[in-house]
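**Q** Just so it is clear, I am handing over target_6.cif, which has mmCIF, C-alpha atoms and all ligand atoms.
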```cif
data_coords
#
loop_
_atom_site.label_atom_id
_atom_site.label_comp_id
_atom_site.auth_asym_id
_atom_site.auth_seq_id
_atom_site.Cartn_x
_atom_site.Cartn_y
_atom_site.Cartn_z
CA MET A 8 17.86 40.07 9.01
CA ILE A 9 18.84 36.58 7.88
CA ALA A 10 21.33 36.51 5.00
CA VAL A 11 20.07 34.83 1.81
CA SER A 12 23.24 32.72 1.91
CA GLU A 13 21.86 31.03 5.04
CA PHE A 14 18.95 29.61 3.08
CA LYS A 15 19.39 25.89 2.32
CA PRO A 16 17.08 24.76 -0.49
CA GLY A 17 15.37 21.54 0.57
CA LEU A 18 16.77 22.21 4.07
CA GLU A 19 19.83 20.22 3.02
CA GLY A 20 22.03 19.55 6.02
CA VAL A 21 19.80 21.51 8.42
CA PRO A 22 19.22 19.50 11.63
CA ALA A 23 15.48 19.42 12.29
CA THR A 24 15.50 17.34 15.47
CA LEU A 25 17.53 15.34 17.98
CA SER A 26 16.68 11.69 17.39
CA SER A 27 17.85 8.28 18.59
CA ILE A 28 15.74 6.21 16.18
CA SER A 29 17.97 5.61 13.16
CA CYS A 30 21.27 6.70 11.69
CA VAL A 31 22.59 6.87 8.12
CA ASP A 32 26.25 7.10 7.16
CA GLY A 33 25.92 8.19 3.56
CA GLN A 34 29.62 7.99 2.77
CA GLN A 35 30.05 4.41 3.94
CA GLY A 36 26.56 3.17 3.09
CA ILE A 37 25.55 2.22 6.64
CA LEU A 38 22.02 2.28 8.04
CA GLU A 39 21.22 1.44 11.67
CA TYR A 40 17.93 1.23 13.53
CA ARG A 41 18.48 2.02 17.22
CA GLY A 42 22.17 1.33 16.66
CA ILE A 43 21.70 -2.10 15.01
CA ARG A 44 22.85 -2.58 11.42
CA ILE A 45 20.02 -3.02 8.92
CA GLU A 46 21.62 -6.11 7.37
CA GLU A 47 21.53 -7.92 10.73
CA LEU A 48 17.91 -6.95 11.40
CA ALA A 49 16.94 -8.04 7.87
CA GLU A 50 18.51 -11.43 8.44
CA LYS A 51 17.45 -12.14 12.02
CA SER A 52 14.31 -10.18 12.90
CA SER A 53 10.72 -10.03 11.75
CA PHE A 54 9.15 -6.74 10.67
CA LEU A 55 6.96 -6.57 13.78
CA GLU A 56 9.99 -7.07 15.99
CA VAL A 57 11.68 -4.21 14.13
CA ALA A 58 8.57 -2.03 14.46
CA TYR A 59 8.65 -2.66 18.23
CA LEU A 60 12.36 -1.80 18.31
CA LEU A 61 11.79 1.47 16.43
CA ILE A 62 8.78 2.61 18.45
CA TRP A 63 9.78 1.48 21.95
CA GLY A 64 13.54 1.71 21.56
CA LYS A 65 14.58 -1.88 22.35
CA LEU A 66 14.20 -5.35 20.93
CA PRO A 67 11.28 -7.06 22.70
CA ILE A 68 11.72 -10.12 24.90
CA LYS A 69 9.70 -13.13 23.72
CA GLU A 70 6.64 -12.40 25.89
CA GLU A 71 6.57 -8.76 24.77
CA LEU A 72 6.78 -9.74 21.11
CA ASP A 73 4.10 -12.41 21.51
CA SER A 74 1.65 -10.02 23.12
CA PHE A 75 2.46 -7.28 20.56
CA LYS A 76 1.79 -9.72 17.71
CA HIS A 77 -1.43 -10.82 19.40
CA GLU A 78 -2.62 -7.21 19.77
CA ILE A 79 -1.85 -6.49 16.12
CA GLN A 80 -3.70 -9.63 15.09
CA SER A 81 -6.80 -8.63 17.01
CA HIS A 82 -6.92 -5.16 15.41
CA ARG A 83 -6.49 -6.17 11.77
CA ARG A 84 -10.13 -5.87 10.83
CA ILE A 85 -11.52 -2.54 9.59
CA LYS A 86 -14.94 -1.10 10.41
CA TYR A 87 -17.61 -1.85 7.85
CA ARG A 88 -18.23 1.89 7.45
CA ILE A 89 -14.61 2.39 6.39
CA ARG A 90 -14.95 -0.52 4.00
CA ASP A 91 -18.20 0.99 2.61
CA MET A 92 -16.55 4.39 2.29
CA MET A 93 -13.72 2.75 0.33
CA LYS A 94 -16.25 1.07 -1.95
CA CYS A 95 -17.23 4.57 -3.12
CA PHE A 96 -13.69 5.41 -4.21
CA PRO A 97 -13.22 5.36 -8.00
CA GLU A 98 -11.43 2.15 -8.98
CA THR A 99 -9.22 4.27 -11.26
CA GLY A 100 -7.97 6.29 -8.29
CA HIS A 101 -4.40 5.76 -7.09
CA PRO A 102 -4.14 3.37 -4.12
CA MET A 103 -1.99 5.94 -2.26
CA ASP A 104 -4.89 8.40 -2.38
CA ALA A 105 -7.22 5.65 -1.18
CA LEU A 106 -4.81 4.87 1.66
CA GLN A 107 -4.36 8.49 2.68
CA THR A 108 -8.12 8.99 2.84
CA SER A 109 -8.73 5.76 4.75
CA ALA A 110 -5.92 6.42 7.23
CA ALA A 111 -7.36 9.87 7.94
CA ALA A 112 -10.84 8.32 8.32
CA LEU A 113 -9.58 6.20 11.24
CA GLY A 114 -9.49 9.44 13.22
CA LEU A 115 -13.30 9.64 12.92
CA PHE A 116 -13.72 6.29 14.60
CA TYR A 117 -11.03 6.54 17.26
CA ALA A 118 -11.54 10.15 18.24
CA ARG A 119 -10.31 10.02 21.85
CA ARG A 120 -6.96 11.78 22.00
CA ALA A 121 -4.77 11.25 25.07
CA LEU A 122 -1.26 11.98 23.92
CA ASP A 123 0.19 11.77 27.43
CA ASP A 124 -1.21 8.27 28.06
CA PRO A 125 1.22 5.45 27.11
CA GLN A 126 -1.72 3.05 26.70
CA TYR A 127 -3.29 5.39 24.15
CA ILE A 128 0.02 5.68 22.27
CA ARG A 129 0.34 1.91 22.18
CA LYS A 130 -3.24 1.35 21.05
CA ALA A 131 -2.97 3.93 18.28
CA ALA A 132 0.33 2.43 17.09
CA VAL A 133 -1.16 -1.07 17.12
CA ARG A 134 -4.26 0.07 15.22
CA LEU A 135 -2.26 1.80 12.50
CA LEU A 136 0.20 -1.05 12.05
CA ALA A 137 -2.66 -3.56 12.02
CA LYS A 138 -5.19 -1.79 9.82
CA ILE A 139 -3.06 -0.16 7.12
CA PRO A 140 -2.24 -3.47 5.36
CA THR A 141 -5.91 -4.45 5.55
CA MET A 142 -6.93 -1.16 3.93
CA VAL A 143 -4.36 -1.50 1.13
CA ALA A 144 -5.51 -5.07 0.37
CA ALA A 145 -9.20 -4.13 0.68
CA PHE A 146 -8.88 -1.36 -1.92
CA GLN A 147 -7.08 -3.75 -4.26
CA MET A 148 -9.93 -6.29 -3.96
CA MET A 149 -12.70 -3.71 -4.22
CA ARG A 150 -11.33 -1.98 -7.29
CA LYS A 151 -11.51 -5.37 -9.01
CA GLY A 152 -15.17 -5.55 -8.01
CA ASN A 153 -14.68 -8.09 -5.22
CA ASP A 154 -15.37 -8.05 -1.51
CA PRO A 155 -12.29 -7.57 0.67
CA ILE A 156 -10.70 -10.72 2.06
CA GLN A 157 -10.88 -11.01 5.83
CA PRO A 158 -7.55 -11.26 7.65
CA ARG A 159 -6.55 -14.75 8.83
CA ASP A 160 -5.44 -15.17 12.42
CA ASP A 161 -3.26 -18.18 11.71
CA LEU A 162 -1.03 -16.18 9.34
CA ASP A 163 1.67 -13.80 10.48
CA TYR A 164 1.79 -10.13 9.49
CA SER A 165 3.38 -10.41 6.05
CA ALA A 166 1.85 -13.72 4.99
CA ASN A 167 -1.57 -12.37 5.97
CA PHE A 168 -1.11 -9.25 3.83
CA LEU A 169 -0.13 -11.29 0.77
CA TYR A 170 -3.07 -13.60 1.44
CA MET A 171 -5.54 -10.68 1.63
CA LEU A 172 -4.08 -9.33 -1.60
CA ASN A 173 -4.22 -12.51 -3.68
CA GLU A 174 -6.76 -14.65 -1.83
CA ARG A 175 -4.20 -17.44 -1.57
CA GLU A 176 -1.72 -18.42 1.03
CA PRO A 177 1.74 -17.24 -0.07
CA ASP A 178 4.77 -19.42 -0.51
CA PRO A 179 6.80 -19.25 2.77
CA LEU A 180 9.91 -17.88 0.99
CA ALA A 181 7.82 -15.17 -0.68
CA ALA A 182 6.25 -14.23 2.67
CA ARG A 183 9.66 -14.11 4.40
CA ILE A 184 11.15 -11.98 1.60
CA PHE A 185 8.21 -9.60 1.76
CA ASP A 186 8.70 -9.33 5.52
CA VAL A 187 12.38 -8.44 4.98
CA CYS A 188 11.31 -5.76 2.47
CA LEU A 189 9.13 -4.23 5.19
CA THR A 190 12.07 -4.21 7.60
CA LEU A 191 14.27 -2.49 5.01
CA HIS A 192 11.68 0.24 4.37
CA ALA A 193 10.58 0.73 7.99
CA GLU A 194 12.62 3.82 8.85
CA HIS A 195 15.10 6.23 7.34
CA THR A 196 15.83 9.29 9.51
CA ILE A 197 14.32 12.65 8.54
CA ASN A 198 13.16 12.05 4.98
CA ALA A 199 10.29 14.08 3.49
CA SER A 200 7.39 11.94 4.76
CA THR A 201 8.88 11.53 8.24
CA PHE A 202 9.43 15.26 8.42
CA SER A 203 5.81 15.71 7.38
CA ALA A 204 4.76 13.31 10.16
CA MET A 205 6.86 15.21 12.70
CA VAL A 206 5.49 18.61 11.71
CA THR A 207 1.93 17.28 11.92
CA ALA A 208 2.68 15.54 15.24
CA SER A 209 4.11 18.78 16.65
CA THR A 210 0.67 20.41 16.47
CA LEU A 211 -0.57 17.68 18.89
CA THR A 212 -3.18 16.46 16.44
CA ASP A 213 -4.23 12.81 16.41
CA PRO A 214 -1.94 10.02 15.12
CA TYR A 215 -4.24 9.18 12.21
CA ALA A 216 -3.77 12.71 10.84
CA VAL A 217 -0.01 12.31 11.39
CA VAL A 218 0.08 9.13 9.31
CA ALA A 219 -2.32 10.48 6.66
CA SER A 220 -0.09 13.52 6.08
CA ALA A 221 2.98 11.30 5.82
CA VAL A 222 1.22 8.99 3.33
CA GLY A 223 0.41 12.01 1.14
CA THR A 224 4.06 13.06 1.22
CA LEU A 225 5.40 9.59 0.50
CA ALA A 226 3.26 9.37 -2.64
CA GLY A 227 5.37 11.80 -4.72
CA PRO A 228 7.70 10.47 -7.46
CA LEU A 229 10.78 12.01 -5.84
CA HIS A 230 10.10 10.02 -2.66
CA GLY A 231 8.22 6.70 -2.29
CA GLY A 232 6.59 6.97 -5.72
CA ALA A 233 9.98 6.36 -7.35
CA ASN A 234 9.68 2.55 -7.01
CA GLU A 235 6.68 2.55 -9.34
CA GLU A 236 8.48 4.89 -11.77
CA VAL A 237 11.48 2.54 -11.91
CA LEU A 238 9.37 -0.24 -13.37
CA VAL A 239 7.80 2.13 -15.88
CA MET A 240 11.33 3.15 -16.90
CA LEU A 241 12.57 -0.46 -17.23
CA GLU A 242 9.54 -1.25 -19.39
CA GLU A 243 10.25 1.79 -21.56
CA ILE A 244 13.90 0.77 -21.99
CA GLY A 245 12.65 -2.62 -23.14
CA SER A 246 15.97 -4.32 -23.89
CA VAL A 247 19.56 -4.45 -22.62
CA GLY A 248 20.76 -2.98 -25.92
CA ASN A 249 18.62 0.11 -25.41
CA VAL A 250 19.99 0.93 -21.93
CA ARG A 251 22.83 3.20 -22.99
CA PRO A 252 20.97 5.21 -25.69
CA TYR A 253 18.08 5.65 -23.21
CA LEU A 254 20.46 6.82 -20.49
CA ASP A 255 22.24 9.18 -22.90
CA GLN A 256 18.92 10.77 -23.69
CA LEU A 257 17.96 11.17 -20.02
CA ILE A 258 21.31 12.77 -19.25
CA ALA A 259 21.09 15.04 -22.30
CA ASN A 260 17.62 16.16 -21.15
CA LYS A 261 18.90 16.65 -17.58
CA ALA A 262 16.18 14.24 -16.43
CA LYS A 263 16.46 12.25 -13.21
CA ILE A 264 16.98 8.51 -13.46
CA MET A 265 14.42 6.95 -11.19
CA GLY A 266 15.75 4.74 -8.40
CA PHE A 267 19.12 6.50 -8.40
CA GLY A 268 20.59 9.24 -6.27
CA HIS A 269 20.01 10.19 -2.69
CA ARG A 270 20.36 13.30 -0.55
CA VAL A 271 22.41 11.38 2.02
CA TYR A 272 23.94 8.30 0.34
CA LYS A 273 26.84 8.95 -1.97
CA VAL A 274 27.45 5.21 -2.45
CA LYS A 275 25.02 2.35 -3.15
CA ASP A 276 22.20 2.36 -0.62
CA PRO A 277 22.71 -0.66 1.70
CA ARG A 278 18.99 -1.45 1.34
CA ALA A 279 19.41 -1.69 -2.44
CA THR A 280 22.16 -4.27 -1.90
CA VAL A 281 19.93 -6.44 0.32
CA LEU A 282 16.95 -6.00 -2.02
CA GLN A 283 19.06 -7.11 -4.96
CA GLN A 284 20.01 -10.27 -3.03
CA LEU A 285 16.33 -10.87 -2.23
CA ALA A 286 15.42 -10.43 -5.90
CA GLU A 287 18.02 -13.04 -6.83
CA GLN A 288 16.63 -15.49 -4.25
CA LEU A 289 13.18 -15.03 -5.74
CA PHE A 290 14.44 -15.45 -9.30
CA GLU A 291 16.20 -18.65 -8.29
CA LYS A 292 12.99 -20.15 -6.98
CA PHE A 293 10.37 -18.65 -9.29
CA GLY A 294 12.29 -17.80 -12.48
CA ARG A 295 14.23 -14.76 -13.63
CA ASP A 296 12.55 -11.46 -14.40
CA GLU A 297 13.00 -10.14 -17.92
CA TYR A 298 13.76 -6.67 -16.55
CA TYR A 299 16.53 -7.77 -14.20
CA GLU A 300 19.19 -7.84 -16.94
CA ILE A 301 18.11 -4.34 -17.99
CA ALA A 302 18.38 -3.16 -14.37
CA LEU A 303 21.89 -4.63 -14.00
CA GLU A 304 23.05 -2.98 -17.22
CA LEU A 305 21.50 0.32 -16.15
CA GLU A 306 23.26 0.18 -12.78
CA THR A 307 26.62 -0.35 -14.54
CA ALA A 308 25.97 2.41 -17.09
CA VAL A 309 24.83 4.94 -14.46
CA GLU A 310 27.86 4.19 -12.33
CA GLU A 311 30.15 4.83 -15.32
CA ARG A 312 28.43 8.08 -16.25
CA LEU A 313 27.34 9.49 -12.89
CA GLY A 314 29.29 7.59 -10.24
CA HIS A 315 31.64 10.58 -9.84
CA LYS A 316 28.62 12.60 -8.62
CA GLY A 317 27.72 9.93 -6.06
CA ILE A 318 24.69 8.72 -8.02
CA TYR A 319 24.07 5.04 -7.20
CA PRO A 320 20.97 2.85 -6.81
CA ASN A 321 18.73 3.81 -3.91
CA VAL A 322 16.17 1.66 -2.06
CA ASP A 323 13.61 2.06 -4.84
CA PHE A 324 15.71 0.62 -7.63
CA TYR A 325 15.43 -3.10 -6.84
CA SER A 326 12.33 -3.08 -4.64
CA GLY A 327 10.01 -2.90 -7.69
CA LEU A 328 11.56 -6.04 -9.19
CA VAL A 329 11.06 -7.89 -5.90
CA TYR A 330 7.44 -6.73 -5.58
CA ARG A 331 6.75 -7.63 -9.21
CA LYS A 332 8.01 -11.16 -8.61
CA LEU A 333 5.79 -11.36 -5.53
CA GLY A 334 2.80 -10.59 -7.78
CA ILE A 335 2.17 -7.12 -6.35
CA PRO A 336 0.69 -4.68 -8.91
CA GLU A 337 2.90 -1.69 -9.76
CA ASP A 338 0.64 0.96 -8.28
CA LEU A 339 0.70 -0.89 -4.93
CA PHE A 340 4.48 -0.58 -4.61
CA THR A 341 4.25 2.76 -2.80
CA PRO A 342 1.36 1.66 -0.53
CA VAL A 343 3.56 -1.32 0.42
CA PHE A 344 6.34 1.16 1.24
CA ALA A 345 3.78 2.98 3.43
CA ILE A 346 2.86 -0.27 5.26
CA ALA A 347 6.49 -0.53 6.30
CA ARG A 348 7.20 3.15 6.94
CA VAL A 349 4.27 3.46 9.35
CA ALA A 350 6.64 1.94 11.92
CA GLY A 351 9.16 4.77 11.45
CA TRP A 352 6.49 7.49 11.37
CA LEU A 353 5.04 6.18 14.63
CA ALA A 354 8.49 6.07 16.24
CA HIS A 355 9.04 9.72 15.28
CA TRP A 356 5.52 10.65 16.42
CA LYS A 357 6.24 9.15 19.85
CA GLU A 358 9.69 10.76 20.01
CA GLN A 359 8.25 14.14 18.98
CA LEU A 360 5.60 13.99 21.72
CA GLY A 361 8.31 13.34 24.30
CA LYS A 362 10.02 16.71 23.64
CA ASN A 363 7.46 18.62 21.65
CA ARG A 364 7.79 22.14 20.38
CA ILE A 365 5.63 23.11 17.41
CA PHE A 366 7.57 23.44 14.14
CA ARG A 367 7.59 27.01 12.95
CA PRO A 368 10.58 27.76 10.71
CA THR A 369 11.17 31.14 9.20
CA GLN A 370 11.57 32.49 5.66
CA ILE A 371 13.58 35.07 3.80
CA TYR A 372 11.05 37.41 2.25
CA THR A 373 11.86 38.22 -1.40
CA GLY A 374 8.76 40.25 -2.27
CA SER A 375 8.28 44.04 -2.38
CA HIS A 376 7.03 46.53 0.27
CA GLU A 377 4.85 49.63 0.32
CA GLU A 378 3.15 48.82 -2.99
CA PRO A 379 0.32 51.23 -3.95
CA TYR A 380 -3.18 49.72 -3.84
CA ILE A 381 -4.74 49.85 -7.36
CA PRO A 382 -8.54 50.00 -7.57
CA ILE A 383 -9.99 47.19 -9.67
CA GLU A 384 -11.08 49.41 -12.58
CA ARG A 385 -7.52 50.69 -13.00
CA ARG A 386 -5.69 47.38 -12.84
CA ALA A 387 -3.80 46.39 -15.99
CA VAL A 388 -5.03 43.35 -17.89
CA SER A 389 -2.57 40.55 -17.37
CA LEU A 390 -0.88 39.02 -20.42
CA GLU A 391 -2.37 35.65 -19.46
CA ARG A 392 -5.88 37.11 -19.75
CA VAL A 393 -5.10 38.73 -23.15
CA ARG A 394 -4.07 35.30 -24.44
CA VAL A 395 -7.26 33.65 -23.14
CA ASP A 396 -9.40 36.48 -24.54
CA SER A 397 -7.83 36.28 -27.97
CA LEU A 398 -8.25 32.51 -28.01
CA GLU A 399 -11.92 32.94 -27.09
CA GLN A 400 -12.33 35.63 -29.78
CA HIS A 401 -10.58 33.39 -32.28
CA LEU A 402 -12.88 30.47 -31.46
CA GLU A 403 -15.91 32.78 -31.70
CA ARG A 404 -14.82 34.15 -35.08
CA ASN A 405 -14.38 30.61 -36.36
CA GLY A 406 -17.80 29.60 -35.07
CA LYS A 407 -16.53 27.01 -32.56
N1 LIG B 501 19.57 10.97 -12.04
C1 LIG B 501 20.45 11.83 -12.61
N2 LIG B 501 21.06 12.78 -11.92
C2 LIG B 501 20.80 12.88 -10.63
C3 LIG B 501 19.92 12.02 -9.97
C4 LIG B 501 19.30 11.02 -10.74
N3 LIG B 501 18.43 10.16 -10.19
N4 LIG B 501 19.83 12.36 -8.69
C5 LIG B 501 20.65 13.40 -8.52
N5 LIG B 501 21.24 13.72 -9.70
C6 LIG B 501 22.20 14.79 -9.94
C7 LIG B 501 21.48 16.10 -10.15
O1 LIG B 501 21.17 16.32 -11.51
C8 LIG B 501 22.47 17.09 -9.61
O2 LIG B 501 23.49 17.26 -10.57
P1 LIG B 501 24.19 18.71 -10.77
O3 LIG B 501 24.83 19.02 -9.45
O4 LIG B 501 25.13 18.51 -11.89
O5 LIG B 501 23.07 19.67 -11.10
C9 LIG B 501 23.10 16.35 -8.44
O6 LIG B 501 22.98 14.96 -8.75
C10 LIG B 501 22.41 16.63 -7.10
O7 LIG B 501 21.02 16.34 -7.31
P2 LIG B 501 19.85 16.99 -6.48
O8 LIG B 501 18.58 16.86 -7.24
O9 LIG B 501 20.26 18.34 -6.01
O10 LIG B 501 19.82 16.02 -5.23
P3 LIG B 501 18.75 16.01 -4.09
O11 LIG B 501 19.47 15.60 -2.88
O12 LIG B 501 17.97 17.27 -4.06
O13 LIG B 501 17.73 14.87 -4.58
C11 LIG B 501 16.70 12.80 -4.95
C12 LIG B 501 17.72 13.58 -4.11
C13 LIG B 501 16.52 11.43 -4.35
C14 LIG B 501 15.38 13.54 -4.93
C15 LIG B 501 17.24 12.71 -6.39
O14 LIG B 501 18.42 11.97 -6.39
C16 LIG B 501 16.22 12.12 -7.34
O15 LIG B 501 15.35 12.84 -7.84
N6 LIG B 501 16.31 10.78 -7.62
C17 LIG B 501 15.35 10.14 -8.49
C18 LIG B 501 14.07 9.83 -7.75
C19 LIG B 501 14.26 8.72 -6.75
O16 LIG B 501 14.81 7.68 -7.05
N7 LIG B 501 13.75 8.93 -5.53
C20 LIG B 501 13.83 7.99 -4.45
C21 LIG B 501 14.72 8.50 -3.38
S1 LIG B 501 15.21 7.27 -2.17
C22 LIG B 501 13.81 6.82 -1.36
C23 LIG B 501 12.96 7.90 -0.82
O17 LIG B 501 13.43 8.90 -0.30
O18 LIG B 501 11.76 7.68 -0.92
#
```
Let me see the structure of the file written as structure tokens.

**A**
Amino acid sequence: MIAVSEFKPGLEGVPATLSSISCVDGQQGILEYRGIRIEELAEKSSFLEVAYLLIWGKLPIKEELDSFKHEIQSHRRIKYRIRDMMKCFPETGHPMDALQTSAAALGLFYARRALDDPQYIRKAAVRLLAKIPTMVAAFQMMRKGNDPIQPRDDLDYSANFLYMLNEREPDPLAARIFDVCLTLHAEHTINASTFSAMVTASTLTDPYAVVASAVGTLAGPLHGGANEEVLVMLEEIGSVGNVRPYLDQLIANKAKIMGFGHRVYKVKDPRATVLQQLAEQLFEKFGRDEYYEIALELETAVEERLGHKGIYPNVDFYSGLVYRKLGIPEDLFTPVFAIARVAGWLAHWKEQLGKNRIFRPTQIYTGSHEEPYIPIERRAVSLERVRVDSLEQHLERNGK
């Protein structure tokens, strides 16, 4: 029998794998991909170079990077049947649901599964990295009633995505900053969506199902969805003067402040620091954002009130302000996170396949045993049903 005391809600602190992909030091605020500090990668590498590093474990030499970029470029287009399927999605649907469905649909078109073939692994990784941005941009165009914009071969990964989204070539600084955002979001050890990807991968299903399950997990407001919620919160606060009363109310209601707190970081997330610098670069060139002052005041106020609990800005706090300045609609913030995190999911997929054992944790059963079976005619009416019945009777009596 396992003691109840052994149960760790949310599996906090329980090692789920041995991994050499990334490392977080939550006390010092350090994040490394394959041993390299995130700040250095953000400054010196492109997102595709980082994706290569994460998936294949080393920075590529020039020829390797050139051919990787070329492969990605030649797989950016999506099948017209996928495009037509996406046209049938309701335009009011959330883009994360559209992305999850479209990512899963790739499995219908690329059905061959050869998980022990390195060429297959590479092709699947290239397809997912190449097509996911195209699918996000295509849904954005189609929900506005327009045809999707075809990818442009003369633009690099990030510039091409922004082009497909807005139908105009982006400013080079904006494209570079977006690329850095992708690098910052590319990987983060065993978070909820990566764990989801690993569990799905461990069944030896296809990589499109692996990514689709991870996209579904990322969508929640406690995970990737928080970046969208941060902007909603800043809009609700409305002014610098309202920050403290708003925060008081959240704390009094024991509500979570979006974009703050982290299971691992007990100091400011290093990605939030870089994102804040990127936001400032954008504001310098394109004008300040009205919500930035509110965000700064909120960061100070939260630190004063909750700093002792280790509650500081996480990656989602400043990313929304950057994306907003880049002209990305709020409900695309999490799909953009997914575009980046595909690199990390694929790295964990590949790592999982190299040492696979299906995930099958256990539980501590808290239910009863040896219950008598009650025939249907002798079962008690549940209270829930009584309430529904009396409501129905009430409506009937009142002729409604
Ligand atoms: N606002 C106020 N209090 C908080 C917050 C917050 N954002 N986060 C944690 N706390 C408090 C919490 O109330 C609890 O206090 P007490 O011990 O007095 O009851 C304590 O800190 C521990 O919180 P927890 O909920 O047990 O922490 P967790 O590790 O289970 O949750 C988290 C981590 C990220 C889900 C949580 O901090 C949260 O909900 N944050 C807001 C949503 C958010 O910004 N999510 C993005 C996370 S980073 C990117 C990603 O993973 O996608």

**Q** Could you jot down the atom O15 of ligand LIG 501 (chain B) to atom CA of Glu358 of chain A separation for me, Å, one decimal place?

**A** 28.5 Å

**Q** Just how far from atom CA of Lys261 of chain A is atom O9 of ligand LIG 501 (chain B), in Å to one decimal?

**A**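 Atom CA of Lys261 of chain A lies 11.8 Å from atom O9 of ligand LIG 501 (chain B).
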
**Q** Which residue, A:Pro252, A:Gly334, A:Pro342, A:Pro379, has the smallest gap to Thr224 of chain A when you use only C-alpha atoms?

**A**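 So, comparing all the options, the nearest one is A:Pro342.
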
**Q** Env of Gln359 of chain A: 7 Å cut, atoms = all atoms listed in the file, seq-sep filter 5 positions within chain, self excluded. Answer as a list in words.

**A**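 My reading of the contact set: Met205, Ala208 and Ser209 of chain A.
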
**Q** Quick one: residues within 6 Å of ligand LIG 501 (chain B), with all atoms listed in the file, as a short mmCIF file (atom, residue, chain, number, x, y, z; two decimals) with C-alpha atoms, in the coordinates of the input?

**A**
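Final output, selection-v7.cif:
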```cif
data_model
loop_
_atom_site.label_atom_id
_atom_site.label_comp_id
_atom_site.auth_asym_id
_atom_site.auth_seq_id
_atom_site.Cartn_x
_atom_site.Cartn_y
_atom_site.Cartn_z
CA LEU A 229 10.78 12.01 -5.84
CA HIS A 230 10.10 10.02 -2.66
CA GLY A 231 8.22 6.70 -2.29
CA ALA A 233 9.98 6.36 -7.35
CA LYS A 263 16.46 12.25 -13.21
CA ILE A 264 16.98 8.51 -13.46
CA MET A 265 14.42 6.95 -11.19
CA GLY A 266 15.75 4.74 -8.40
CA PHE A 267 19.12 6.50 -8.40
CA GLY A 268 20.59 9.24 -6.27
CA HIS A 269 20.01 10.19 -2.69
CA ARG A 270 20.36 13.30 -0.55
CA ASN A 321 18.73 3.81 -3.91
CA VAL A 322 16.17 1.66 -2.06
CA ASP A 323 13.61 2.06 -4.84
#
```

**Q** Residues of segment 198-259 of chain A that have any atom at most 12 Å from an atom of segment 138-141 of chain A: could you tabulate them with the shortest-distance atom pair and the distance in Å to one decimal, using all atoms listed in the file, ordered by chain and increasing number, as a tab-separated table?

**A**
```
residue	atom	partner	partner_atom	distance
A:Tyr215	CA	A:Ile139	CA	10.7
A:Val218	CA	A:Ile139	CA	10.0
A:Ala219	CA	A:Ile139	CA	10.7
A:Val222	CA	A:Ile139	CA	10.8
```

**Q** Rounded to one decimal, what separation in Å do you get between atom CA of Ala182 of chain A and atom CA of Leu55 of chain A?

**A** 13.5 Å

**Q** Residues of segment 284-354 of chain A that have any atom at most 12 Å from an atom of segment 33-42 of chain A: could you tabulate them with the shortest-distance atom pair and the distance in Å to one decimal, using only C-alpha atoms, ordered by chain and increasing number, as JSON lines?

**A**
```
{"residue": "A:Gly317", "atom": "CA", "partner": "A:Gln34", "partner_atom": "CA", "distance": 9.2}
{"residue": "A:Ile318", "atom": "CA", "partner": "A:Gly33", "partner_atom": "CA", "distance": 11.7}
{"residue": "A:Tyr319", "atom": "CA", "partner": "A:Gly36", "partner_atom": "CA", "distance": 10.8}
{"residue": "A:Pro320", "atom": "CA", "partner": "A:Gly36", "partner_atom": "CA", "distance": 11.4}
{"residue": "A:Asn321", "atom": "CA", "partner": "A:Gly36", "partner_atom": "CA", "distance": 10.5}
{"residue": "A:Val322", "atom": "CA", "partner": "A:Leu38", "partner_atom": "CA", "distance": 11.7}
{"residue": "A:Ala350", "atom": "CA", "partner": "A:Tyr40", "partner_atom": "CA", "distance": 11.4}
{"residue": "A:Gly351", "atom": "CA", "partner": "A:Tyr40", "partner_atom": "CA", "distance": 9.7}
{"residue": "A:Ala354", "atom": "CA", "partner": "A:Arg41", "partner_atom": "CA", "distance": 10.8}
```

**Q** Which residues are near segment 295-301 of chain A? Cut-off 9 Å, only C-alpha atoms, ignore same chain within fewer than 6 positions. Put them as a list in words.

**A**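 Neighbouring residues, sequence-local ones excluded: Leu238, Leu241, Glu242, Ile244, Gly245, Ser246, Val247, Gly248, Asn249, Val250, Ala286, Glu287, Leu289, Tyr325, Leu328, Arg331 and Lys332 of chain A.
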
**Q** Rank nothing, just name the residue among A:Glu78, A:His195, A:Val187, A:Pro177 nearest to Asp160 of chain A, using only C-alpha atoms.

**A**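 For Asp160 of chain A, the nearest of the given residues is A:Glu78.
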
**Q** Can you tell me which residues surround Gln107 of chain A at a distance of at most 9 Å, considering all atoms listed in the file, apart from same-chain residues fewer than 2 positions away, and format the answer as a count of residues only?

**A** 14

**Q** With only C-alpha atoms as the basis for distance, which of A:Arg44, A:Lys362, A:Arg159, A:Lys316 is at the shortest distance from Val31 of chain A?

**A**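 When distances to Val31 of chain A are compared using only C-alpha atoms, the smallest one comes from A:Arg44.
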
**Q** Please determine an axis-aligned box that encloses all atoms of segment 184-187 of chain A listed in the file, with 4 Å added on each side, and express its centre and edge lengths in Å to one decimal as AutoDock Vina command-line options.

**A**
```
--center_x 10.3 --center_y -10.2 --center_z 3.6 --size_x 12.2 --size_y 11.5 --size_z 11.9
```

**Q** Between A:Leu353, A:Val133, A:Ala193, A:Leu113, which one has atoms that come closest to Ser74 of chain A, using only C-alpha atoms?

**A**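 Using only C-alpha atoms, Ser74 of chain A sits closest to A:Val133.
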
**Q** Measuring atom to atom with all atoms listed in the file, identify which of A:Ile79, A:Val329, A:Ala49, A:Ala226 is nearest to Asn167 of chain A.

**A** A:Ile79
